[in-house]
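First up is the structure itself, then whatever we jot down about it.
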Amino acid sequence: MSKGLSLGHCRTCSSEIVNSVNDGVFRDGECEACEYHRYQTQPRLLEALDELLCQTVDMDLAHGIALTEGEEQARAKALAAIAEARA
Ligand SMILES: [Zn+2]
C-alpha cells in the first residue's frame with residue numbers, strides 16, 4: 001500500500017494531511033474533518049455574533065449611549081465580517 005503525498009499538518013488538530021486522503025477542499029492548512037466542522041458551525045457562529053451585537057452595542061446606540069473607541073472598532077469589525085459572510 002503506497003502512502004500519499006503529505007501536505008503537512010492541520011493547523012487546527014495537528015493531524016497529518018495526506019493528498020487525496022484527508023485534504024480539504026480549500027487547501028488552506030486544515031484537514032477535511034476540521035474544514036467540514038468549521039463549515040457546519042459557521043451559520044450558528046454568524047447568528048450568535050449578530051444577536052450579540054443586537055443585544056449589546058446596538059442596544060446602547062439605540063438608547064443614546066456612546067460606545068467606547070474599542071467598542072466602535074469591535075462593532076465595525078463584526079459588521080464587516082457579517083456582511084462578508086452573507087455576500
Ligand atoms: Zn484537522
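All residue names refer to the C-alpha cells as shown: chains lettered A, B, ... in order, residues numbered from 1 in each chain, ligands numbered from 1 in order.
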
Give me the chain A side of the contact with ligand 1, cut-off 8 Å, one line per residue showing its nearest atom pair and distance in Å at one decimal, counting only C-alpha atoms and all ligand atoms, sorted by chain and residue number, as CSV.
```
residue,atom,partner,partner_atom_place_in_ligand_line,distance
A:His9,CA,ligand 1,1 (Zn),7.8
A:Cys10,CA,ligand 1,1 (Zn),4.6
A:Arg11,CA,ligand 1,1 (Zn),6.6
A:Thr12,CA,ligand 1,1 (Zn),5.0
A:Cys13,CA,ligand 1,1 (Zn),4.1
A:Ser14,CA,ligand 1,1 (Zn),6.0
A:Ser15,CA,ligand 1,1 (Zn),5.8
A:Ile17,CA,ligand 1,1 (Zn),8.0
A:Glu30,CA,ligand 1,1 (Zn),5.2
A:Cys31,CA,ligand 1,1 (Zn),4.2
A:Glu32,CA,ligand 1,1 (Zn),6.8
A:Ala33,CA,ligand 1,1 (Zn),5.9
A:Cys34,CA,ligand 1,1 (Zn),4.3
A:Glu35,CA,ligand 1,1 (Zn),7.2
```

Open item on the list: Measuring between only C-alpha atoms, which one of A:Asn19, A:Thr56, A:Ser6, A:Gln40 shows the shortest distance to A:Glu72?
Closed with: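 Among A:Asn19, A:Thr56, A:Ser6, A:Gln40, it is A:Thr56 that comes nearest to A:Glu72.
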
Task: alpha helix (DSSP H) positions in stretch 1-84 of chain A, given as an MDAnalysis selection string - done: chainID A and resid 32:55 57:62 69:84

- [ ] Give the strand (DSSP E) residues of chain A, as DSSP finds them on the backbone, and put them as a list in words.
- [x]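 Matching residues for strand (DSSP E) in chain A are Ser6, Leu7, Gly8, His9, Glu16, Ile17 and Val18 of chain A.
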
- [ ] Compile the contact shell of A:Ala80 as a list in words: residues with an atom at most 12 Å away, counting only C-alpha atoms, same-chain residues fewer than 5 positions apart removed.
- [x]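 So, after excluding close chain neighbours, the residues are Leu46, Leu49, Asp50, Gln73, Ala74, Arg75, Ala85, Arg86 and Ala87 of chain A.
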